[in-house]
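Everything below belongs to query_3.csv, which stores CSV, C-alpha atoms and all ligand atoms.
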chain,number,residue,atom,x,y,z
A,1,MET,CA,163.5,-48.2,-114.9
A,2,THR,CA,159.8,-48.0,-115.7
A,3,ALA,CA,159.6,-51.6,-116.8
A,4,ALA,CA,161.2,-52.7,-113.6
A,5,ALA,CA,159.0,-50.4,-111.6
A,6,THR,CA,155.9,-52.1,-112.7
A,7,ALA,CA,157.3,-55.6,-113.2
A,8,ARG,CA,155.9,-57.1,-110.1
A,9,PHE,CA,152.4,-55.8,-110.9
A,10,SER,CA,150.3,-57.7,-113.4
A,11,PRO,CA,149.2,-55.5,-116.3
A,12,ARG,CA,146.0,-53.6,-115.6
A,13,VAL,CA,144.6,-50.6,-117.5
A,14,PHE,CA,142.7,-47.8,-115.9
A,15,SER,CA,141.2,-44.7,-117.5
A,16,GLY,CA,138.5,-42.2,-116.8
A,17,ILE,CA,136.3,-39.7,-118.6
A,18,GLN,CA,134.3,-36.9,-117.0
A,19,PRO,CA,130.5,-36.8,-117.3
A,20,SER,CA,130.6,-33.0,-117.9
A,21,GLY,CA,128.7,-32.8,-121.2
A,22,GLY,CA,128.3,-34.9,-124.3
A,23,LEU,CA,131.1,-37.0,-125.9
A,24,THR,CA,133.1,-35.6,-128.8
A,25,LEU,CA,135.0,-37.1,-131.6
A,26,GLY,CA,138.1,-36.2,-129.6
A,27,ASN,CA,136.9,-38.4,-126.7
A,28,TYR,CA,136.1,-41.2,-129.2
A,29,LEU,CA,139.3,-41.2,-131.1
A,30,GLY,CA,141.6,-40.2,-128.2
A,31,ALA,CA,140.1,-42.4,-125.6
A,32,LEU,CA,137.0,-44.7,-126.2
A,33,LYS,CA,138.2,-46.3,-129.5
A,34,ARG,CA,141.5,-47.1,-127.9
A,35,PHE,CA,139.9,-48.5,-124.7
A,36,VAL,CA,138.0,-50.9,-126.9
A,37,GLU,CA,141.2,-52.0,-128.6
A,38,THR,CA,142.8,-52.6,-125.2
A,39,GLN,CA,139.8,-54.6,-123.9
A,40,ASN,CA,139.8,-56.7,-127.1
A,41,ALA,CA,143.5,-57.4,-126.7
A,42,GLY,CA,142.5,-59.2,-123.5
A,43,ILE,CA,144.1,-56.9,-120.9
A,44,GLU,CA,142.1,-56.4,-117.7
A,45,SER,CA,140.6,-52.9,-118.0
A,46,VAL,CA,138.8,-50.6,-115.5
A,47,TYR,CA,136.9,-47.7,-117.0
A,48,CYS,CA,135.5,-45.0,-114.7
A,49,ILE,CA,133.0,-42.2,-115.3
A,50,VAL,CA,134.6,-39.7,-113.0
A,51,ASP,CA,131.6,-37.8,-111.5
A,52,MET,CA,133.6,-36.6,-108.5
A,53,HIS,CA,136.0,-34.9,-110.9
A,54,ALA,CA,133.2,-33.4,-112.8
A,55,ILE,CA,131.9,-31.4,-109.8
A,56,THR,CA,135.3,-29.5,-109.5
A,57,VAL,CA,133.4,-27.1,-111.7
A,58,TRP,CA,129.6,-26.4,-111.3
A,59,GLN,CA,127.3,-29.2,-112.6
A,60,ASP,CA,123.6,-28.9,-112.6
A,61,PRO,CA,122.4,-32.1,-110.8
A,62,ALA,CA,119.9,-33.2,-113.4
A,63,LYS,CA,122.4,-32.7,-116.2
A,64,LEU,CA,125.1,-34.5,-114.3
A,65,ARG,CA,122.9,-37.6,-113.9
A,66,HIS,CA,122.0,-37.5,-117.5
A,67,ALA,CA,125.6,-37.0,-118.7
A,68,THR,CA,126.7,-39.9,-116.5
A,69,ARG,CA,124.2,-42.3,-118.1
A,70,GLU,CA,124.9,-41.0,-121.5
A,71,LEU,CA,128.6,-41.5,-121.1
A,72,ALA,CA,128.0,-45.1,-119.9
A,73,ALA,CA,125.9,-45.5,-123.1
A,74,GLY,CA,128.8,-44.1,-125.1
A,75,PHE,CA,131.3,-46.5,-123.6
A,76,ILE,CA,129.0,-49.5,-124.4
A,77,ALA,CA,128.0,-48.3,-127.8
A,78,ALA,CA,131.7,-47.8,-128.7
A,79,GLY,CA,132.3,-51.4,-127.8
A,80,ILE,CA,133.1,-51.7,-124.1
A,81,ASP,CA,131.6,-54.9,-122.9
A,82,PRO,CA,130.6,-54.4,-119.2
A,83,GLU,CA,131.1,-58.1,-118.5
A,84,ARG,CA,134.7,-58.2,-119.8
A,85,SER,CA,135.8,-54.8,-118.6
A,86,ILE,CA,134.8,-53.0,-115.4
A,87,LEU,CA,132.6,-49.9,-116.1
A,88,PHE,CA,131.3,-47.8,-113.2
A,89,ASN,CA,130.9,-44.3,-111.9
A,90,GLN,CA,133.5,-43.0,-109.4
A,91,SER,CA,131.2,-41.8,-106.6
A,92,GLN,CA,129.9,-45.4,-106.1
A,93,VAL,CA,133.4,-46.6,-104.9
A,94,SER,CA,134.5,-44.5,-102.0
A,95,ALA,CA,138.0,-45.8,-102.1
A,96,HIS,CA,138.8,-43.1,-104.7
A,97,VAL,CA,138.2,-40.2,-102.4
A,98,GLU,CA,139.7,-41.9,-99.4
A,99,LEU,CA,142.9,-42.7,-101.2
A,100,GLY,CA,142.6,-39.2,-102.8
A,101,TRP,CA,142.9,-37.6,-99.4
A,102,ILE,CA,146.0,-39.5,-98.5
A,103,PHE,CA,147.6,-38.5,-101.9
A,104,THR,CA,146.5,-34.9,-101.2
A,105,CYS,CA,148.9,-35.2,-98.3
A,106,VAL,CA,151.7,-36.7,-100.4
A,107,ALA,CA,151.6,-34.3,-103.3
A,108,ARG,CA,153.5,-31.0,-102.8
A,109,LEU,CA,152.1,-27.5,-103.5
A,110,GLY,CA,155.0,-26.9,-105.9
A,111,TRP,CA,153.9,-29.9,-108.0
A,112,MET,CA,150.3,-28.8,-108.2
A,113,ASN,CA,151.3,-25.3,-109.2
A,114,ARG,CA,152.8,-26.6,-112.4
A,115,MET,CA,149.6,-28.2,-113.6
A,116,THR,CA,148.7,-26.5,-116.9
A,117,GLN,CA,145.1,-27.8,-116.9
A,118,PHE,CA,144.3,-26.0,-113.7
A,119,LYS,CA,145.7,-22.8,-115.2
A,120,ASP,CA,143.6,-23.3,-118.3
A,121,LYS,CA,140.4,-24.2,-116.5
A,122,ALA,CA,140.7,-21.6,-113.7
A,123,GLY,CA,141.5,-18.9,-116.2
A,124,LYS,CA,142.2,-15.3,-115.1
A,125,ASN,CA,140.1,-15.6,-111.9
A,126,ALA,CA,141.9,-18.4,-110.2
A,127,GLU,CA,140.9,-17.1,-106.8
A,128,ALA,CA,137.3,-18.0,-107.6
A,129,ALA,CA,138.1,-21.6,-108.7
A,130,SER,CA,137.1,-24.4,-106.4
A,131,LEU,CA,139.7,-26.0,-104.1
A,132,GLY,CA,138.7,-29.3,-105.7
A,133,LEU,CA,139.8,-28.1,-109.2
A,134,TYR,CA,143.2,-27.4,-107.8
A,135,ALA,CA,143.5,-30.7,-105.9
A,136,TYR,CA,142.0,-32.8,-108.7
A,137,PRO,CA,145.2,-34.4,-110.0
A,138,ALA,CA,145.7,-36.1,-106.5
A,139,LEU,CA,142.2,-37.6,-106.9
A,140,MET,CA,143.2,-38.8,-110.4
A,141,ALA,CA,146.3,-40.4,-109.0
A,142,ALA,CA,144.0,-42.2,-106.5
A,143,ASP,CA,141.7,-43.4,-109.3
A,144,ILE,CA,144.7,-45.0,-111.0
A,145,LEU,CA,146.6,-46.4,-108.0
A,146,ALA,CA,143.5,-47.7,-106.1
A,147,TYR,CA,143.6,-50.5,-108.7
A,148,HIS,CA,147.4,-50.8,-108.9
A,149,ALA,CA,146.9,-49.9,-112.6
A,150,THR,CA,150.1,-50.2,-114.7
A,151,HIS,CA,148.9,-48.5,-117.9
A,152,VAL,CA,146.7,-45.4,-118.4
A,153,PRO,CA,145.5,-44.7,-122.0
A,154,VAL,CA,144.7,-41.0,-122.3
A,155,GLY,CA,144.9,-38.1,-124.8
A,156,GLU,CA,147.9,-35.9,-124.9
A,157,ASP,CA,146.2,-33.3,-122.5
A,158,GLN,CA,146.4,-35.8,-119.6
A,159,LYS,CA,150.0,-36.7,-119.8
A,160,GLN,CA,151.1,-34.2,-117.1
A,161,HIS,CA,148.5,-35.7,-114.7
A,162,VAL,CA,149.8,-39.2,-115.3
A,163,GLU,CA,153.3,-38.0,-114.7
A,164,LEU,CA,152.1,-36.5,-111.4
A,165,THR,CA,150.6,-39.8,-110.5
A,166,ARG,CA,154.0,-41.4,-111.0
A,167,ASP,CA,155.6,-38.8,-108.7
A,168,ILE,CA,153.0,-39.4,-106.0
A,169,ALA,CA,153.5,-43.2,-106.2
A,170,ALA,CA,157.3,-42.8,-106.0
A,171,LYS,CA,157.1,-40.4,-103.1
A,172,PHE,CA,154.7,-42.6,-101.2
A,173,ASN,CA,156.8,-45.6,-101.7
A,174,HIS,CA,159.9,-43.7,-100.7
A,175,ASP,CA,158.5,-42.0,-97.6
A,176,TYR,CA,157.0,-45.2,-96.2
A,177,GLY,CA,159.8,-47.4,-97.3
A,178,VAL,CA,157.6,-49.7,-99.4
A,179,GLU,CA,157.2,-50.8,-103.0
A,180,PHE,CA,153.5,-50.7,-102.8
A,181,PHE,CA,152.3,-48.5,-105.7
A,182,PRO,CA,153.3,-49.2,-109.3
A,183,ILE,CA,154.8,-46.4,-111.4
A,184,ALA,CA,152.0,-46.3,-114.0
A,185,GLU,CA,152.8,-45.6,-117.7
A,186,PRO,CA,150.7,-43.1,-119.7
A,187,VAL,CA,149.7,-44.7,-123.1
A,188,ILE,CA,149.4,-42.0,-125.7
A,189,GLU,CA,149.2,-43.6,-129.1
A,190,GLY,CA,147.5,-43.3,-132.5
A,191,ALA,CA,146.9,-40.6,-135.0
A,192,ALA,CA,144.4,-38.8,-132.9
A,193,THR,CA,146.0,-38.2,-129.4
A,194,ARG,CA,145.0,-34.6,-129.8
A,195,VAL,CA,142.0,-33.9,-132.0
A,196,MET,CA,141.7,-30.2,-132.6
A,197,SER,CA,138.8,-27.8,-132.9
A,198,LEU,CA,137.2,-27.6,-136.3
A,199,ARG,CA,137.3,-23.7,-136.0
A,200,ASP,CA,140.8,-23.3,-134.8
A,201,GLY,CA,143.5,-25.9,-135.4
A,202,THR,CA,145.6,-24.7,-132.5
A,203,LYS,CA,142.9,-25.5,-129.8
A,204,LYS,CA,141.8,-29.0,-128.8
A,205,MET,CA,138.3,-30.1,-129.6
A,206,SER,CA,136.5,-29.9,-126.4
A,207,LYS,CA,132.9,-30.5,-125.0
A,208,SER,CA,133.3,-27.2,-123.1
A,209,ASP,CA,134.0,-25.0,-126.2
A,210,PRO,CA,131.2,-22.5,-126.5
A,211,SER,CA,130.9,-23.0,-130.2
A,212,ASP,CA,129.1,-26.3,-131.2
A,213,GLN,CA,130.6,-25.9,-134.7
A,214,SER,CA,134.0,-26.5,-133.2
A,215,ARG,CA,133.3,-30.1,-132.4
A,216,ILE,CA,131.6,-33.2,-133.6
A,217,ASN,CA,129.4,-34.8,-130.9
A,218,LEU,CA,128.7,-38.5,-130.8
A,219,THR,CA,125.0,-37.6,-130.7
A,220,ASP,CA,125.1,-35.4,-133.9
A,221,SER,CA,122.9,-36.4,-136.8
A,222,ALA,CA,124.6,-37.4,-140.1
A,223,ASP,CA,123.5,-34.0,-141.6
A,224,ASP,CA,125.1,-32.1,-138.7
A,225,ILE,CA,128.4,-34.1,-139.0
A,226,ALA,CA,128.6,-33.5,-142.8
A,227,GLN,CA,127.7,-29.8,-142.4
A,228,LYS,CA,130.3,-29.2,-139.6
A,229,ILE,CA,133.0,-30.9,-141.7
A,230,ARG,CA,132.0,-28.9,-144.8
A,231,ARG,CA,132.3,-25.6,-142.8
A,232,ALA,CA,135.5,-26.7,-140.9
A,233,LYS,CA,138.3,-24.1,-141.2
A,234,THR,CA,141.0,-25.1,-143.8
A,235,ASP,CA,143.3,-23.4,-146.2
A,236,ALA,CA,143.5,-23.0,-150.0
A,237,GLU,CA,146.4,-25.4,-150.6
A,238,PRO,CA,146.0,-28.9,-151.9
A,239,LEU,CA,147.0,-31.8,-149.7
A,240,PRO,CA,150.8,-32.5,-149.7
A,241,GLU,CA,152.5,-35.9,-150.2
A,242,ILE,CA,154.0,-36.3,-146.8
A,243,PRO,CA,152.8,-35.4,-143.2
A,244,GLN,CA,155.9,-33.3,-142.6
A,245,ALA,CA,154.6,-30.8,-145.3
A,246,LEU,CA,151.6,-30.1,-143.1
A,247,GLU,CA,153.8,-28.2,-140.7
A,248,GLY,CA,152.3,-24.7,-140.2
A,249,ARG,CA,148.9,-25.9,-141.5
A,250,PRO,CA,147.2,-27.0,-138.2
A,251,GLU,CA,143.7,-27.2,-139.6
A,252,ALA,CA,144.8,-29.3,-142.6
A,253,ARG,CA,146.8,-31.6,-140.4
A,254,ASN,CA,143.9,-32.0,-138.0
A,255,LEU,CA,141.5,-33.2,-140.8
A,256,VAL,CA,144.1,-35.6,-142.1
A,257,ASN,CA,144.7,-37.0,-138.7
A,258,ILE,CA,141.0,-37.4,-138.1
A,259,TYR,CA,140.6,-39.3,-141.4
A,260,ALA,CA,143.5,-41.5,-140.5
A,261,ALA,CA,142.2,-42.4,-137.0
A,262,LEU,CA,138.7,-43.0,-138.3
A,263,ALA,CA,139.9,-45.2,-141.1
A,264,GLY,CA,142.5,-47.0,-138.9
A,265,VAL,CA,145.4,-46.1,-141.3
A,266,SER,CA,148.4,-43.8,-141.0
A,267,PRO,CA,148.5,-40.1,-142.0
A,268,GLU,CA,151.1,-41.2,-144.6
A,269,GLN,CA,148.5,-43.5,-146.1
A,270,VAL,CA,145.8,-40.8,-146.2
A,271,LEU,CA,148.2,-38.5,-148.0
A,272,ALA,CA,149.2,-41.2,-150.4
A,273,ASP,CA,145.5,-41.4,-151.4
A,274,PHE,CA,144.7,-37.7,-151.4
A,275,ALA,CA,147.9,-35.8,-152.3
A,276,GLY,CA,147.3,-33.0,-154.8
A,277,GLN,CA,143.6,-32.8,-154.1
A,278,GLY,CA,142.0,-29.8,-152.4
A,279,PHE,CA,139.6,-29.7,-149.5
A,280,ALA,CA,136.6,-29.5,-151.8
A,281,ALA,CA,137.3,-33.1,-152.7
A,282,PHE,CA,138.7,-34.3,-149.3
A,283,LYS,CA,135.9,-32.9,-147.1
A,284,PRO,CA,133.0,-34.9,-148.5
A,285,ARG,CA,135.0,-38.1,-148.3
A,286,LEU,CA,135.9,-37.3,-144.7
A,287,ALA,CA,132.3,-36.6,-143.9
A,288,GLU,CA,131.2,-39.9,-145.4
A,289,LEU,CA,133.7,-41.8,-143.4
A,290,ALA,CA,132.8,-39.9,-140.1
A,291,VAL,CA,129.1,-40.7,-140.6
A,292,SER,CA,129.8,-44.3,-141.4
A,293,VAL,CA,131.7,-44.7,-138.1
A,294,LEU,CA,129.7,-42.5,-135.8
A,295,ALA,CA,126.1,-43.2,-137.0
A,296,PRO,CA,125.9,-46.7,-135.6
A,297,ILE,CA,127.4,-45.6,-132.3
A,298,SER,CA,125.0,-42.8,-132.0
A,299,ALA,CA,122.0,-45.0,-132.8
A,300,GLU,CA,123.1,-47.6,-130.2
A,301,MET,CA,123.5,-44.8,-127.6
A,302,GLY,CA,119.9,-43.7,-128.3
A,303,ARG,CA,118.7,-47.3,-127.9
A,304,LEU,CA,120.6,-47.7,-124.6
A,305,MET,CA,119.4,-44.4,-123.2
A,306,ALA,CA,115.8,-45.5,-123.7
A,307,ASP,CA,116.3,-47.8,-120.6
A,308,PRO,CA,118.2,-45.8,-118.0
A,309,ALA,CA,117.4,-48.4,-115.3
A,310,GLU,CA,119.4,-50.9,-117.2
A,311,ILE,CA,122.4,-48.5,-117.4
A,312,ASP,CA,122.2,-47.9,-113.7
A,313,ARG,CA,122.2,-51.6,-113.1
A,314,ILE,CA,125.3,-52.0,-115.2
A,315,LEU,CA,127.1,-49.2,-113.4
A,316,GLY,CA,126.1,-50.6,-110.0
A,317,ARG,CA,127.4,-54.1,-110.9
A,318,GLY,CA,130.7,-52.5,-112.2
A,319,ALA,CA,131.1,-50.6,-109.0
A,320,GLU,CA,130.8,-53.8,-106.9
A,321,ARG,CA,133.5,-55.4,-109.0
A,322,ALA,CA,135.7,-52.2,-108.8
A,323,GLU,CA,135.2,-52.1,-105.0
A,324,ALA,CA,136.4,-55.7,-104.7
A,325,ILE,CA,139.8,-54.7,-106.2
A,326,ALA,CA,140.2,-51.2,-104.6
A,327,ARG,CA,139.1,-51.9,-101.0
A,328,PRO,CA,141.9,-54.3,-100.1
A,329,ILE,CA,144.5,-52.0,-101.7
A,330,LEU,CA,143.1,-49.1,-99.7
A,331,GLU,CA,143.1,-51.1,-96.4
A,332,ARG,CA,146.7,-52.0,-97.0
A,333,THR,CA,147.5,-48.3,-97.6
A,334,TYR,CA,145.8,-47.3,-94.3
A,335,GLU,CA,148.0,-49.9,-92.5
A,336,ILE,CA,151.2,-48.6,-94.2
A,337,VAL,CA,150.3,-45.1,-93.2
A,338,GLY,CA,149.6,-46.1,-89.6
A,339,MET,CA,145.9,-45.7,-89.2
A,340,VAL,CA,144.3,-47.9,-86.5
A,341,ARG,CA,141.6,-50.1,-88.3
A,342,SER,CA,139.6,-51.8,-85.5
A,343,ARG,CA,136.1,-51.6,-86.8
A,344,ARG,CA,134.5,-55.0,-87.5
A,345,ALA,CA,133.4,-55.3,-91.1
B,1,LIG,P1,137.6,-35.4,-120.9
B,1,LIG,O1,136.6,-35.2,-121.8
B,1,LIG,O2,138.5,-34.1,-120.7
B,1,LIG,O3,137.2,-36.0,-119.5
B,1,LIG,O4,138.6,-36.4,-121.5
B,1,LIG,C1,138.4,-37.8,-121.5
B,1,LIG,C2,139.4,-38.5,-122.3
B,1,LIG,O5,139.3,-38.1,-123.7
B,1,LIG,C3,140.9,-38.2,-121.9
B,1,LIG,O6,141.6,-39.4,-122.1
B,1,LIG,C4,141.3,-37.1,-122.8
B,1,LIG,O7,142.7,-37.1,-123.0
B,1,LIG,C5,140.6,-37.5,-124.1
B,1,LIG,N1,140.3,-36.4,-125.0
B,1,LIG,C6,139.5,-35.3,-124.7
B,1,LIG,N2,139.6,-34.4,-125.7
B,1,LIG,C7,140.4,-34.9,-126.6
B,1,LIG,C8,140.8,-34.4,-127.9
B,1,LIG,N3,140.4,-33.3,-128.4
B,1,LIG,N4,141.7,-35.2,-128.6
B,1,LIG,C9,142.1,-36.4,-128.1
B,1,LIG,N5,141.8,-36.9,-126.9
B,1,LIG,C10,140.9,-36.2,-126.2
B,2,LIG,N1,141.4,-36.1,-115.7
B,2,LIG,C1,140.9,-36.8,-116.9
B,2,LIG,C2,140.3,-35.8,-117.9
B,2,LIG,O1,139.9,-34.7,-117.5
B,2,LIG,C3,139.8,-37.7,-116.4
B,2,LIG,C4,140.4,-38.7,-115.5
B,2,LIG,C5,140.1,-38.7,-114.1
B,2,LIG,C6,141.3,-39.8,-115.7
B,2,LIG,N2,140.7,-39.8,-113.5
B,2,LIG,C7,141.5,-40.4,-114.4
B,2,LIG,C8,141.9,-40.3,-116.8
B,2,LIG,C9,142.3,-41.5,-114.3
B,2,LIG,C10,142.8,-41.4,-116.7
B,2,LIG,C11,143.0,-42.0,-115.5
B,2,LIG,O2,140.2,-36.1,-119.0
What would the structure in this file look like if it were written as structure tokens?
Amino acid sequence: MTAAATARFSPRVFSGIQPSGGLTLGNYLGALKRFVETQNAGIESVYCIVDMHAITVWQDPAKLRHATRELAAGFIAAGIDPERSILFNQSQVSAHVELGWIFTCVARLGWMNRMTQFKDKAGKNAEAASLGLYAYPALMAADILAYHATHVPVGEDQKQHVELTRDIAAKFNHDYGVEFFPIAEPVIEGAATRVMSLRDGTKKMSKSDPSDQSRINLTDSADDIAQKIRRAKTDAEPLPEIPQALEGRPEARNLVNIYAALAGVSPEQVLADFAGQGFAAFKPRLAELAVSVLAPISAEMGRLMADPAEIDRILGRGAERAEAIARPILERTYEIVGMVRSRRA
């Protein structure tokens, strides 16, 4: 059904990352690295720095501006070519919020009430959360569908939101009797779809974790990276021969998965090389590998950040190209919904 549902749409990839702090190894392995692979496979790709999503929780304006530019630098340093792919920040293309409102009227309260990320982020005091935090998945659906995107590479934590996007597209198509929006597929692949905290193998590595020791930031120095890996929580057992034997050892499994994703090999391969060895032997090798992959990215980010005007120019140009795709799709949506559109352009 899904292949048929997207068959008349040419393949287009869309994904987004929030500029709500620095980039982590989780963002790199779960998202950026895979975006670069998609781009390099020649698939038309749209990558969005979702600043409108970021303000669903409080953002200091100066920090938001900095984080937006730093994230753009991270995309480019990781290998996104702003000429081949489209890279921009969400607030520069108003089609996102316009379509987001329409989808807010398509989505049902019952659907939103099931969103686990809202429950996690709102915490115990949901009454004090912003209305935007609650409505956010409808805006995410608009991000994707404003481009008629067919594929959405994300980490495991975003699967539920992409499923909601599919429900919104299907309900819109059904209610208005059209086949206008594609039923987009989440693409969740690789050894690192869920990179876990270095302090607790049951929690995802996150830029919002209060402990900096829990994550590797793309801007960390080589010494910081090595030190964080050395201090990462593990157990006293040696590494087993097969991944199945890592069951019940979340910290050990996490480090093996990180190694595999950084090296571009399978967890099986990592264990074939390290079975029988303890973490005293494994951690220095992992640290060396992490530094060799991340140091060049971090250096390139620093170089790009020295010229913020150039980053802004790239984002502006990306926004113009994004607008050229999204605006006609939005105009057609307004027509389908029955809005009178009589203003001259
Ligand atoms: P966020 O930082 O929450 O805006 O997430 C941006 C992208 O990175 C999304 O595709 C997430 O699924 C992905 N991501 C974030 N944290 C992790 C993690 N710990 N492991 C794998 N992917 C992640
Ligand atoms: N919600 C995503 C996150 O928190 C970010 C995001 C916003 C996104 N819009 C998107 C991801 C569209 C993929 C597609 O990580």
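Residue nearest Ser15 of chain A, chosen from A:Asp167, A:Asp175, A:Asp60, A:Asp143 and counting all atoms listed in the file: A:Asp143.
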Would you list the contacts of Tyr259 of chain A as a ChimeraX atom specification, taking every protein, DNA or RNA residue within 10 Å and counting all atoms listed in the file, but skipping same-chain residues closer than 2 positions in sequence? /A:191-192,253-257,261-267,270,282-283,285-287,289-290
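Using all atoms listed in the file, residues with at least one atom at most 7 Å away from any atom of ligand LIG 2 (chain B) are Phe14, Ser15, Gly16, Ile17, Gln18, Val50, His53, Met140, Ala141, Asp143, Ile144, Val152, Pro153, Val154 and Gln158 of chain A.
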For ligand LIG 1 (chain B), collect every residue having any atom at a distance of at most 9 Å from a ligand atom (counting only C-alpha atoms and all ligand atoms); output as a PyMOL selection string. chain A and resi 15-32+49-50+53-54+152-159+188+192-197+203-208+215
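The spacing separating atom CA of Arg84 of chain A from atom CA of Ile325 of chain A amounts to 14.9 Å.
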